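So this block is model-v1.txt, compact mmCIF, C-alpha atoms and all ligand atoms:
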# COMPACT_ATOMS: atom_id res chain seq x y z
CA MET W 1 -237.35 -21.70 -160.96
CA LYS W 2 -237.18 -17.94 -161.24
CA LYS W 3 -234.82 -16.09 -163.51
CA VAL W 4 -234.07 -12.40 -163.84
CA VAL W 5 -233.11 -11.47 -167.36
CA LYS W 6 -231.38 -8.19 -168.08
CA PHE W 7 -230.99 -7.02 -171.66
CA GLY W 8 -228.36 -4.45 -172.62
CA GLY W 9 -228.81 -1.51 -174.97
CA SER W 10 -227.65 -3.24 -178.13
CA SER W 11 -230.11 -6.08 -177.44
CA LEU W 12 -232.94 -3.54 -177.48
CA ALA W 13 -231.74 -1.06 -180.07
CA SER W 14 -234.45 -1.80 -182.66
CA ALA W 15 -237.70 -3.68 -183.21
CA GLU W 16 -235.70 -6.53 -184.72
CA GLN W 17 -233.62 -6.82 -181.56
CA PHE W 18 -236.78 -6.65 -179.42
CA GLN W 19 -238.11 -9.62 -181.37
CA LYS W 20 -234.99 -11.64 -180.59
CA VAL W 21 -235.42 -10.71 -176.93
CA GLY W 22 -239.10 -11.70 -177.01
CA ALA W 23 -238.17 -15.09 -178.45
CA ILE W 24 -235.54 -15.60 -175.74
CA ILE W 25 -238.01 -14.75 -172.97
CA HIS W 26 -240.76 -16.95 -174.38
CA ALA W 27 -238.35 -19.87 -174.79
CA ASP W 28 -238.09 -20.28 -171.02
CA GLU W 29 -241.02 -20.15 -168.60
CA ASP W 30 -238.67 -19.17 -165.79
CA ARG W 31 -237.65 -15.85 -167.33
CA LYS W 32 -240.12 -13.94 -165.20
CA PHE W 33 -238.46 -10.63 -164.34
CA VAL W 34 -237.09 -8.53 -167.16
CA VAL W 35 -234.72 -5.59 -166.73
CA PRO W 36 -234.25 -3.57 -169.91
CA SER W 37 -231.62 -0.95 -170.75
CA ALA W 38 -232.35 2.01 -173.01
CA PRO W 39 -232.00 1.45 -176.78
CA GLY W 40 -228.31 1.31 -177.62
CA LYS W 41 -226.45 1.57 -180.89
CA ARG W 42 -227.89 -0.12 -183.98
CA PHE W 43 -224.63 0.29 -185.87
CA ASP W 44 -221.15 1.60 -185.05
CA GLU W 45 -221.74 5.29 -185.71
CA ASP W 46 -225.18 5.30 -184.09
CA THR W 47 -225.89 7.16 -180.83
CA LYS W 48 -227.28 5.51 -177.71
CA VAL W 49 -230.61 6.94 -176.56
CA THR W 50 -229.03 7.64 -173.15
CA ASP W 51 -226.47 9.91 -174.82
CA MET W 52 -229.21 11.58 -176.86
CA LEU W 53 -231.10 12.29 -173.65
CA TYR W 54 -228.08 13.77 -171.91
CA ALA W 55 -227.43 16.03 -174.92
CA CYS W 56 -231.06 17.05 -175.12
CA TYR W 57 -231.23 17.89 -171.44
CA ALA W 58 -228.02 19.94 -171.67
CA LEU W 59 -229.92 22.22 -174.07
CA ALA W 60 -233.00 22.33 -171.85
CA GLU W 61 -230.88 23.27 -168.89
CA LYS W 62 -229.60 26.32 -170.76
CA ASP W 63 -233.14 27.23 -171.82
CA HIS W 64 -232.28 26.44 -175.43
CA ASP W 65 -234.79 24.94 -177.80
CA PHE W 66 -234.60 21.11 -177.77
CA THR W 67 -237.57 20.28 -179.98
CA LYS W 68 -235.49 18.72 -182.75
CA GLU W 69 -233.48 16.60 -180.33
CA ILE W 70 -236.47 15.29 -178.36
CA ASN W 71 -238.31 14.54 -181.59
CA ARG W 72 -235.41 12.40 -182.73
CA ILE W 73 -235.61 10.42 -179.50
CA GLU W 74 -239.34 10.00 -179.88
CA GLU W 75 -238.77 8.75 -183.41
CA ARG W 76 -236.43 6.03 -182.18
CA TYR W 77 -239.11 4.71 -179.83
CA GLN W 78 -241.83 5.08 -182.44
CA GLN W 79 -239.79 2.97 -184.87
CA ILE W 80 -239.63 0.21 -182.29
CA ILE W 81 -243.36 0.46 -181.54
CA ASP W 82 -244.21 0.38 -185.25
CA GLY W 83 -241.82 -2.47 -185.96
CA LEU W 84 -243.43 -4.53 -183.21
CA GLU W 85 -246.92 -3.49 -184.36
CA LEU W 86 -247.90 -2.49 -180.83
CA ASP W 87 -250.98 -0.55 -179.92
CA LEU W 88 -249.09 1.93 -177.78
CA ASP W 89 -248.92 5.70 -177.79
CA LEU W 90 -246.09 7.40 -175.93
CA SER W 91 -247.10 10.97 -176.76
CA SER W 92 -248.46 11.80 -173.31
CA GLU W 93 -245.24 10.38 -171.80
CA PHE W 94 -243.24 12.66 -174.07
CA ASP W 95 -245.39 15.67 -173.14
CA ARG W 96 -244.62 15.01 -169.50
CA ILE W 97 -240.90 14.54 -170.19
CA ILE W 98 -240.72 17.81 -172.15
CA ASP W 99 -242.50 19.56 -169.33
CA ASN W 100 -240.12 18.14 -166.74
CA PHE W 101 -237.09 19.04 -168.88
CA LYS W 102 -238.34 22.63 -168.94
CA LYS W 103 -238.74 22.48 -165.17
CA LYS W 104 -235.09 21.32 -164.96
CA ALA W 105 -235.80 17.94 -163.42
CA GLY W 106 -232.10 17.06 -163.57
CA SER W 107 -229.81 15.11 -165.87
CA ASP W 108 -230.37 11.89 -163.95
CA TYR W 109 -234.09 12.19 -164.56
CA ALA W 110 -233.38 12.88 -168.22
CA ALA W 111 -231.08 9.88 -168.69
CA SER W 112 -233.43 7.56 -166.82
CA ARG W 113 -236.21 8.15 -169.34
CA GLY W 114 -234.31 5.93 -171.77
CA GLU W 115 -234.88 2.82 -169.67
CA TYR W 116 -238.31 4.02 -168.45
CA LEU W 117 -239.76 4.29 -171.95
CA ASN W 118 -238.10 1.10 -173.13
CA GLY W 119 -239.61 -0.62 -170.10
CA ILE W 120 -243.09 0.56 -171.03
CA ILE W 121 -242.64 -0.81 -174.54
CA MET W 122 -241.23 -4.08 -173.27
CA ALA W 123 -244.06 -4.58 -170.75
CA ASN W 124 -246.62 -3.90 -173.47
CA TYR W 125 -244.87 -6.25 -175.90
CA LEU W 126 -244.64 -9.11 -173.41
CA GLY W 127 -247.93 -8.49 -171.58
CA TYR W 128 -245.99 -8.23 -168.27
CA GLU W 129 -246.65 -5.80 -165.44
CA PHE W 130 -244.59 -2.58 -165.57
CA ILE W 131 -242.89 -1.58 -162.33
CA ASP W 132 -241.22 1.81 -162.08
CA PRO W 133 -237.97 1.35 -160.11
CA ALA W 134 -238.45 4.85 -158.66
CA GLU W 135 -241.01 3.15 -156.40
CA ALA W 136 -238.55 0.79 -154.77
CA LEU W 137 -234.89 1.45 -155.60
CA ARG W 138 -233.67 3.99 -153.05
CA PHE W 139 -230.74 6.36 -152.90
CA ASN W 140 -230.01 8.43 -149.79
CA GLU W 141 -229.80 12.24 -149.71
CA ALA W 142 -226.12 12.04 -150.59
CA GLY W 143 -227.02 10.07 -153.71
CA ILE W 144 -225.57 6.81 -152.37
CA PHE W 145 -227.51 3.66 -153.14
CA ASP W 146 -229.29 2.27 -150.07
CA ALA W 147 -229.10 -1.49 -150.56
CA GLU W 148 -230.90 -2.49 -147.38
CA LEU W 149 -233.90 -0.21 -147.74
CA THR W 150 -234.16 -1.06 -151.43
CA ASN W 151 -234.24 -4.76 -150.71
CA LYS W 152 -237.06 -4.29 -148.20
CA LEU W 153 -239.09 -2.04 -150.50
CA LEU W 154 -238.56 -4.24 -153.51
CA ILE W 155 -239.52 -7.46 -151.74
CA LYS W 156 -242.72 -5.74 -150.65
CA ARG W 157 -243.42 -4.30 -154.11
CA LEU W 158 -242.86 -7.64 -155.83
CA GLU W 159 -245.01 -9.64 -153.44
CA GLY W 160 -247.50 -11.63 -155.45
CA VAL W 161 -246.11 -10.34 -158.76
CA GLU W 162 -245.66 -13.24 -161.15
CA ARG W 163 -243.97 -11.50 -164.07
CA ALA W 164 -242.77 -7.95 -164.46
CA VAL W 165 -240.63 -5.53 -166.42
CA ILE W 166 -238.46 -3.31 -164.20
CA PRO W 167 -236.37 -0.76 -166.12
CA GLY W 168 -232.67 -0.67 -165.26
CA PHE W 169 -230.26 2.10 -164.35
CA TYR W 170 -232.26 4.24 -161.92
CA GLY W 171 -234.21 4.59 -158.73
CA ALA W 172 -235.16 7.59 -156.61
CA MET W 173 -234.21 9.42 -153.47
CA GLY W 174 -236.57 9.65 -150.50
CA ASP W 175 -238.07 12.91 -151.85
CA GLY W 176 -238.91 11.26 -155.18
CA ARG W 177 -236.09 12.80 -157.23
CA VAL W 178 -234.80 10.32 -159.79
CA LYS W 179 -231.20 9.15 -159.38
CA THR W 180 -229.23 6.90 -161.72
CA PHE W 181 -226.33 4.56 -161.15
CA SER W 182 -223.15 5.23 -163.10
CA ARG W 183 -223.15 4.38 -166.82
CA GLY W 184 -223.92 0.76 -167.59
CA GLY W 185 -225.85 0.59 -164.32
CA SER W 186 -228.75 -1.52 -165.57
CA ASP W 187 -226.51 -4.48 -164.76
CA ILE W 188 -226.74 -3.43 -161.11
CA THR W 189 -230.54 -3.21 -161.25
CA GLY W 190 -230.68 -6.78 -162.59
CA SER W 191 -228.60 -7.96 -159.70
CA ILE W 192 -230.72 -6.08 -157.13
CA VAL W 193 -233.91 -7.59 -158.53
CA ALA W 194 -232.34 -11.06 -158.57
CA LYS W 195 -231.52 -10.69 -154.89
CA ALA W 196 -234.99 -9.41 -153.95
CA ILE W 197 -236.82 -12.28 -155.63
CA GLN W 198 -234.12 -14.80 -154.65
CA ALA W 199 -233.71 -15.80 -158.27
CA ASP W 200 -232.09 -19.07 -159.22
CA VAL W 201 -230.12 -17.36 -161.97
CA TYR W 202 -229.43 -13.82 -163.10
CA GLU W 203 -229.07 -13.89 -166.87
CA ASN W 204 -227.32 -10.86 -168.30
CA TRP W 205 -227.91 -10.70 -172.07
CA THR W 206 -225.51 -8.61 -174.11
CA ASP W 207 -223.82 -8.68 -177.52
CA VAL W 208 -220.94 -11.04 -176.74
CA SER W 209 -220.95 -14.67 -175.67
CA GLY W 210 -219.43 -13.98 -172.26
CA PHE W 211 -215.93 -13.20 -171.11
CA LEU W 212 -212.84 -14.01 -173.09
CA ILE W 213 -209.56 -15.24 -171.62
CA ALA W 214 -207.79 -12.17 -172.95
CA ASP W 215 -208.58 -8.90 -174.69
CA PRO W 216 -209.45 -9.58 -178.36
CA ARG W 217 -207.73 -6.33 -179.33
CA ILE W 218 -204.48 -7.95 -178.25
CA ILE W 219 -205.09 -11.66 -178.88
CA LYS W 220 -206.75 -12.71 -182.10
CA ASP W 221 -209.86 -14.82 -181.42
CA PRO W 222 -209.13 -15.61 -177.81
CA LYS W 223 -210.91 -18.55 -176.22
CA GLY W 224 -213.98 -17.87 -174.08
CA ILE W 225 -214.33 -18.45 -170.35
CA ASP W 226 -217.02 -21.04 -169.50
CA ILE W 227 -217.03 -20.54 -165.78
CA ILE W 228 -215.39 -18.02 -163.48
CA THR W 229 -215.76 -17.33 -159.77
CA TYR W 230 -216.76 -13.95 -158.38
CA GLY W 231 -213.33 -13.73 -156.75
CA GLU W 232 -211.53 -14.34 -160.03
CA LEU W 233 -213.68 -11.81 -161.79
CA ARG W 234 -212.81 -9.19 -159.19
CA GLU W 235 -209.13 -9.89 -159.77
CA LEU W 236 -209.75 -9.46 -163.48
CA SER W 237 -211.79 -6.31 -163.01
CA TYR W 238 -209.85 -4.54 -165.75
CA MET W 239 -211.29 -7.08 -168.13
CA GLY W 240 -214.96 -7.27 -167.17
CA ALA W 241 -215.50 -3.54 -167.46
CA GLY W 242 -216.96 -3.54 -170.95
CA VAL W 243 -219.20 -6.55 -170.40
CA LEU W 244 -220.55 -6.25 -166.88
CA HIS W 245 -220.69 -3.26 -164.51
CA GLU W 246 -218.22 -3.85 -161.67
CA ASP W 247 -220.81 -3.23 -158.96
CA ALA W 248 -223.27 -5.71 -160.40
CA ILE W 249 -221.75 -8.69 -158.68
CA PHE W 250 -222.15 -7.54 -155.10
CA PRO W 251 -225.92 -7.97 -154.51
CA VAL W 252 -225.99 -11.50 -155.95
CA ARG W 253 -222.60 -12.66 -154.75
CA LYS W 254 -223.67 -12.73 -151.10
CA GLU W 255 -226.85 -14.60 -151.99
CA GLY W 256 -225.03 -17.28 -153.97
CA ILE W 257 -226.98 -16.44 -157.13
CA PRO W 258 -224.96 -17.18 -160.28
CA ILE W 259 -224.79 -14.74 -163.19
CA ASN W 260 -224.91 -16.12 -166.70
CA ILE W 261 -223.60 -13.74 -169.38
CA ARG W 262 -225.36 -14.53 -172.66
CA ASN W 263 -225.42 -13.27 -176.23
CA THR W 264 -228.78 -12.05 -177.56
CA ASN W 265 -227.54 -12.51 -181.11
CA LYS W 266 -226.35 -16.07 -180.42
CA PRO W 267 -228.74 -17.44 -177.81
CA GLU W 268 -227.49 -20.97 -178.46
CA ASP W 269 -224.11 -20.11 -176.89
CA GLU W 270 -223.82 -21.10 -173.24
CA GLY W 271 -221.96 -17.89 -172.39
CA THR W 272 -219.98 -17.43 -169.20
CA TRP W 273 -221.17 -18.51 -165.76
CA ILE W 274 -220.07 -16.38 -162.83
CA VAL W 275 -220.38 -18.42 -159.65
CA GLY W 276 -219.44 -18.27 -155.99
CA ASN W 277 -217.49 -21.49 -156.05
CA THR W 278 -217.02 -24.44 -158.28
CA CYS W 279 -215.27 -27.76 -158.25
CA GLN W 280 -215.10 -27.57 -162.02
CA LYS W 281 -211.53 -27.20 -163.16
CA ALA W 282 -210.91 -24.48 -165.68
CA LYS W 283 -209.89 -25.77 -169.11
CA TYR W 284 -206.53 -24.11 -168.68
CA THR W 285 -204.40 -23.42 -165.62
CA ILE W 286 -205.36 -19.79 -165.89
CA THR W 287 -208.90 -18.47 -166.13
CA GLY W 288 -208.01 -15.11 -167.61
CA ILE W 289 -205.42 -12.42 -168.23
CA ALA W 290 -206.21 -8.74 -168.02
CA GLY W 291 -204.27 -5.58 -167.58
CA LYS W 292 -204.06 -1.87 -167.91
CA LYS W 293 -201.47 0.69 -168.82
CA GLY W 294 -200.76 3.98 -167.11
CA PHE W 295 -199.49 3.29 -163.62
CA ALA W 296 -196.76 4.97 -161.64
CA SER W 297 -194.72 3.42 -158.86
CA ILE W 298 -193.43 5.53 -155.98
CA ASN W 299 -190.46 3.69 -154.54
CA ILE W 300 -189.40 4.56 -151.01
CA GLU W 301 -186.14 3.46 -149.42
CA LYS W 302 -185.08 3.79 -145.81
CA ASP W 303 -182.59 1.80 -143.76
CA MET W 304 -184.24 -0.27 -141.04
CA MET W 305 -187.67 0.45 -142.45
CA ASN W 306 -188.77 -3.01 -141.36
CA ALA W 307 -188.20 -2.15 -137.71
CA GLU W 308 -190.09 1.13 -137.82
CA VAL W 309 -193.60 0.50 -136.53
CA GLY W 310 -196.27 2.40 -138.48
CA PHE W 311 -194.06 3.16 -141.49
CA GLY W 312 -196.52 1.76 -144.04
CA ARG W 313 -199.47 3.47 -142.40
CA LYS W 314 -197.77 6.84 -142.45
CA VAL W 315 -196.91 6.50 -146.12
CA LEU W 316 -200.43 5.44 -147.03
CA GLN W 317 -201.87 8.27 -144.96
CA VAL W 318 -200.19 10.74 -147.32
CA PHE W 319 -201.93 9.12 -150.29
CA GLU W 320 -205.21 9.10 -148.42
CA ASP W 321 -204.85 12.78 -147.57
CA TYR W 322 -204.66 13.53 -151.28
CA ASN W 323 -207.54 11.17 -152.05
CA ILE W 324 -205.46 8.74 -154.10
CA SER W 325 -206.23 5.04 -153.90
CA PHE W 326 -203.35 2.66 -154.38
CA GLU W 327 -203.43 -0.39 -156.60
CA HIS W 328 -200.57 -2.48 -155.16
CA MET W 329 -197.90 -2.13 -152.54
CA PRO W 330 -194.99 -4.52 -153.01
CA SER W 331 -192.25 -4.26 -150.42
CA GLY W 332 -188.70 -5.34 -149.58
CA ILE W 333 -186.94 -5.25 -146.24
CA ASP W 334 -185.93 -1.60 -146.55
CA THR W 335 -188.05 -0.60 -149.54
CA LEU W 336 -191.69 -0.06 -150.17
CA SER W 337 -193.41 0.80 -153.44
CA VAL W 338 -196.85 2.24 -153.88
CA MET W 339 -198.45 1.77 -157.28
CA VAL W 340 -201.07 4.29 -158.32
CA HIS W 341 -202.95 5.39 -161.42
CA GLN W 342 -200.60 7.85 -163.06
CA SER W 343 -203.41 10.12 -164.26
CA GLU W 344 -204.73 10.57 -160.70
CA PHE W 345 -201.26 11.04 -159.25
CA VAL W 346 -199.54 13.35 -161.69
CA ASP W 347 -201.12 16.64 -160.62
CA LYS W 348 -200.51 16.00 -156.93
CA GLU W 349 -197.08 14.45 -157.37
CA GLN W 350 -194.92 17.12 -155.69
CA LYS W 351 -197.29 17.56 -152.79
CA ILE W 352 -197.31 13.83 -152.17
CA LEU W 353 -193.53 13.57 -152.36
CA SER W 354 -193.04 16.29 -149.80
CA GLY W 355 -195.78 14.71 -147.70
CA ILE W 356 -193.86 11.42 -147.72
CA ASN W 357 -190.65 13.20 -146.79
CA ARG W 358 -192.34 14.86 -143.86
CA ALA W 359 -194.14 11.72 -142.76
CA VAL W 360 -191.33 9.13 -142.80
CA ASN W 361 -188.09 10.94 -143.59
CA PRO W 362 -186.91 8.38 -146.19
CA ASP W 363 -183.34 7.97 -147.45
CA HIS W 364 -184.44 8.02 -151.04
CA VAL W 365 -187.65 8.25 -153.08
CA ASP W 366 -187.93 7.71 -156.80
CA ILE W 367 -190.79 7.45 -159.23
CA GLN W 368 -191.17 5.08 -162.14
CA SER W 369 -193.85 6.10 -164.58
CA ASP W 370 -195.56 4.56 -167.62
CA LEU W 371 -195.94 1.11 -166.15
CA ALA W 372 -198.56 -1.43 -167.07
CA LEU W 373 -200.06 -3.99 -164.72
CA ILE W 374 -201.09 -7.44 -165.87
CA ALA W 375 -203.19 -9.75 -163.73
CA VAL W 376 -202.88 -13.46 -164.44
CA VAL W 377 -205.77 -15.11 -162.65
CA GLY W 378 -206.84 -18.69 -162.02
CA ARG W 379 -208.45 -20.59 -159.18
CA CYS W 380 -206.46 -23.66 -160.22
CA MET W 381 -203.12 -21.92 -159.81
CA LYS W 382 -203.03 -22.55 -156.09
CA SER W 383 -202.83 -26.30 -156.43
CA GLN W 384 -200.45 -26.41 -159.35
CA ARG W 385 -196.73 -26.35 -159.36
CA GLY W 386 -194.77 -24.14 -161.69
CA THR W 387 -197.37 -21.60 -162.77
CA ALA W 388 -195.20 -18.65 -161.82
CA GLY W 389 -192.20 -20.38 -163.37
CA ARG W 390 -194.03 -20.73 -166.67
CA ILE W 391 -195.18 -17.12 -166.66
CA PHE W 392 -191.71 -15.73 -166.09
CA ALA W 393 -190.04 -18.14 -168.50
CA ALA W 394 -192.51 -17.03 -171.17
CA LEU W 395 -191.85 -13.37 -170.42
CA SER W 396 -188.12 -13.88 -170.49
CA HIS W 397 -188.33 -15.64 -173.90
CA ALA W 398 -190.34 -12.71 -175.17
CA SER W 399 -187.60 -10.35 -173.88
CA VAL W 400 -189.96 -8.65 -171.46
CA ASN W 401 -188.34 -7.13 -168.41
CA VAL W 402 -190.49 -7.66 -165.32
CA ARG W 403 -190.52 -4.58 -163.09
CA MET W 404 -192.82 -5.75 -160.32
CA ILE W 405 -194.34 -9.00 -159.07
CA ASP W 406 -197.14 -9.36 -156.56
CA GLN W 407 -199.08 -12.47 -155.63
CA GLY W 408 -202.39 -11.99 -153.86
CA SER W 409 -202.94 -13.88 -150.62
CA SER W 410 -205.76 -15.83 -152.22
CA GLU W 411 -203.10 -17.36 -154.48
CA GLN W 412 -205.39 -17.01 -157.41
CA ASN W 413 -203.62 -14.11 -159.03
CA ILE W 414 -200.15 -13.05 -159.98
CA ILE W 415 -199.72 -9.39 -160.82
CA ILE W 416 -196.88 -8.38 -163.06
CA GLY W 417 -195.64 -4.86 -163.71
CA VAL W 418 -193.96 -4.12 -167.04
CA VAL W 419 -193.26 -0.94 -168.96
CA ASN W 420 -196.19 0.26 -171.08
CA GLU W 421 -194.46 -0.70 -174.35
CA ASP W 422 -194.14 -4.33 -173.26
CA PHE W 423 -197.80 -4.65 -172.30
CA GLU W 424 -199.11 -6.36 -175.44
CA THR W 425 -196.03 -8.58 -175.89
CA ALA W 426 -196.30 -9.76 -172.30
CA ILE W 427 -200.00 -10.64 -172.61
CA LYS W 428 -199.36 -12.52 -175.86
CA ALA W 429 -196.51 -14.48 -174.28
CA ILE W 430 -198.60 -15.49 -171.27
CA TYR W 431 -201.67 -16.40 -173.35
CA ASP W 432 -199.48 -18.43 -175.65
CA ILE W 433 -197.86 -20.50 -172.98
CA PHE W 434 -201.07 -21.37 -171.13
CA VAL W 435 -203.70 -21.51 -173.86
CA GLU W 436 -202.03 -22.10 -177.22
CA THR W 437 -199.16 -24.32 -176.16
CA ARG W 438 -200.95 -25.59 -173.07
CA ILE W 439 -197.83 -27.14 -171.59
N1 LIG A 501 -228.47 3.24 -170.56
C1 LIG A 501 -227.46 3.42 -169.58
C2 LIG A 501 -226.12 3.65 -170.25
O1 LIG A 501 -226.05 3.80 -171.46
C3 LIG A 501 -227.42 2.32 -168.59
C4 LIG A 501 -227.25 0.92 -169.14
O2 LIG A 501 -227.40 0.70 -170.33
O3 LIG A 501 -226.96 0.03 -168.36
O4 LIG A 501 -225.12 3.72 -169.57

Would you give me this structure, written as structure tokens?
Ligand code: ASP
Amino acid sequence: MKKVVKFGGSSLASAEQFQKVGAIIHADEDRKFVVPSAPGKRFDEDTKVTDMLYACYALAEKDHDFTKEINRIEERYQQIIDGLELDLDLSSEFDRIIDNFKKKAGSDYAASRGEYLNGIIMANYLGYEFIDPAEALRFNEAGIFDAELTNKLLIKRLEGVERAVIPGFYGAMGDGRVKTFSRGGSDITGSIVAKAIQADVYENWTDVSGFLIADPRIIKDPKGIDIITYGELRELSYMGAGVLHEDAIFPVRKEGIPINIRNTNKPEDEGTWIVGNTCQKAKYTITGIAGKKGFASINIEKDMMNAEVGFGRKVLQVFEDYNISFEHMPSGIDTLSVMVHQSEFVDKEQKILSGINRAVNPDHVDIQSDLALIAVVGRCMKSQRGTAGRIFAALSHASVNVRMIDQGSSEQNIIIGVVNEDFETAIKAIYDIFVETRI
């Protein structure tokens, strides 16, 4: 068995956390490929090393003195080295980094040093080989990740390598310039490595014991999710954001490699398994509830719309022209609504409205703003009667007015639109009926 283990910033924020990580790795022979993040926060008001590096580089870029700032970063690493009693000296690494900062190597280069240095420490601590991802993770000239080339290069680079530490978050372009993923991108690196070595499992170690059925800021002590499919997780993408980078599922999903989200501070917890498919029934009819506020709905009415070929395309073309992606598009016989993120839409609103008028000459267009969308997701919904009935009965008892309903063709999600103020009440009502009452 081969496992890739990725550890997030809070799991590697101090020597003490490194020790927990070391114990986790040594507890299982199969944990052969380690992907570390940069040191994260040790306590609430602390600053992540990645943020320190960005701030430091911002000074360097303006030719300001950054000695104090870089020294603080060096101190953070030195504390870890001292705490682990390692025979390791990073001063020549720091000399090179300072030099490259002065040469304006770029903010991606700067940020990537967080994972790079943590990787060196981790490799030294574990006695594993250190592999710089700049050697194998490729981005094209436009800065877009090149999955195919990376996979080839990485397979080649890892040939014959038994155990290695590969820092997360970055790679390089063809000319050697360092390029990072978006924030939280070490999750993606873990997934890429898991694919290249055809791992049996990709373990993603963080500071929570997996996904929860609902947001703990809304539901007190919500139950955890034991197992979720990739498809369900996509439907719940509003929820996963804080735990796992959205793009991390794609490399492993195609390969059928499961992801296991685990808690470094509670390694005994099983965490959440993210799998391609499962015959395991979820404990409850629904797997999860997630949502987001701040949507607007553009409602278009036109008699005989249903008979007008190309109507939908023309409407969507207007949104595309203004580079706005739509979230949902519920329709009636003579009506069509396009739901968008209000913050993206608001500045272009009038242009889009006149664009729609020109494109399809509607009878009436109105806009509803300040809407929230709630996704109720569950693979078991398909084969069960009455799920929608229970959701809407619960919402009606809670006096929530439903403004929009949309069921995905996979029949594993029901999307509900409510006004922003009803968002929390609606989630509580749905959680209650399926998890607490469990009728
Ligand atoms: N260190 C990077 C960040 O803070 C990447 C990561 O931790 O995944 O976003």

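Atom pair atom CA of W:Ile120 / atom CA of W:Leu59 has a distance of 25.5 Å (rounded to one decimal).
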
Set the cut-off to 9 Å, count all atoms listed in the file, and list whatever residues fall near ligand LIG 501 (chain A) as a PyMOL selection string. chain W and resi 7-10+36-40+48-51+111-112+114-115+168-170+180-189+245

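Within 12 Å of the point (-197.7, -24.9, -174.6), and counting all atoms listed in the file, the protein, DNA and RNA residues are Tyr284, Thr285, Arg390, Ile391, Ala393, Ala394, Ala429, Ile430, Tyr431, Asp432, Ile433, Phe434, Val435, Glu436, Thr437, Arg438 and Ile439 of chain W.
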
With distances taken over all atoms listed in the file, the candidate from W:Gly417, W:Gly174, W:Gly332, W:Pro362 nearest W:Glu301 is W:Pro362

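Atom pair atom CA of W:Leu373 / atom CA of W:Ala214 has a distance of 13.9 Å (rounded to one decimal).
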
For a quick check of understanding, using all atoms listed in the file, which of W:Leu233, W:Leu84, W:Met404, W:Leu395 has the smallest distance to W:Ser14? W:Leu84

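Across W:Ala426, W:Ala13, W:Ile298, W:Leu117, the tightest approach to W:Ser399 is made by W:Ala426 when counting only C-alpha atoms.
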
Between atom CA of W:Gly276 and atom CA of W:Ile257, measure the distance and give it in Å to one decimal. 7.8 Å

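Proximity of W:Asp44, W:Asp99, W:Glu93, W:Glu162 to W:Thr67, computed with all atoms listed in the file, is greatest for W:Asp99.
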
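In this comparison, which uses only C-alpha atoms, the residue of W:Ile218, W:Val360, W:Ala15, W:Ala296 approaching W:Glu344 most closely is W:Ala296.
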
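In this comparison, which uses only C-alpha atoms, the residue of W:Leu316, W:Met329, W:Ile286, W:Val340 approaching W:Thr387 most closely is W:Ile286.
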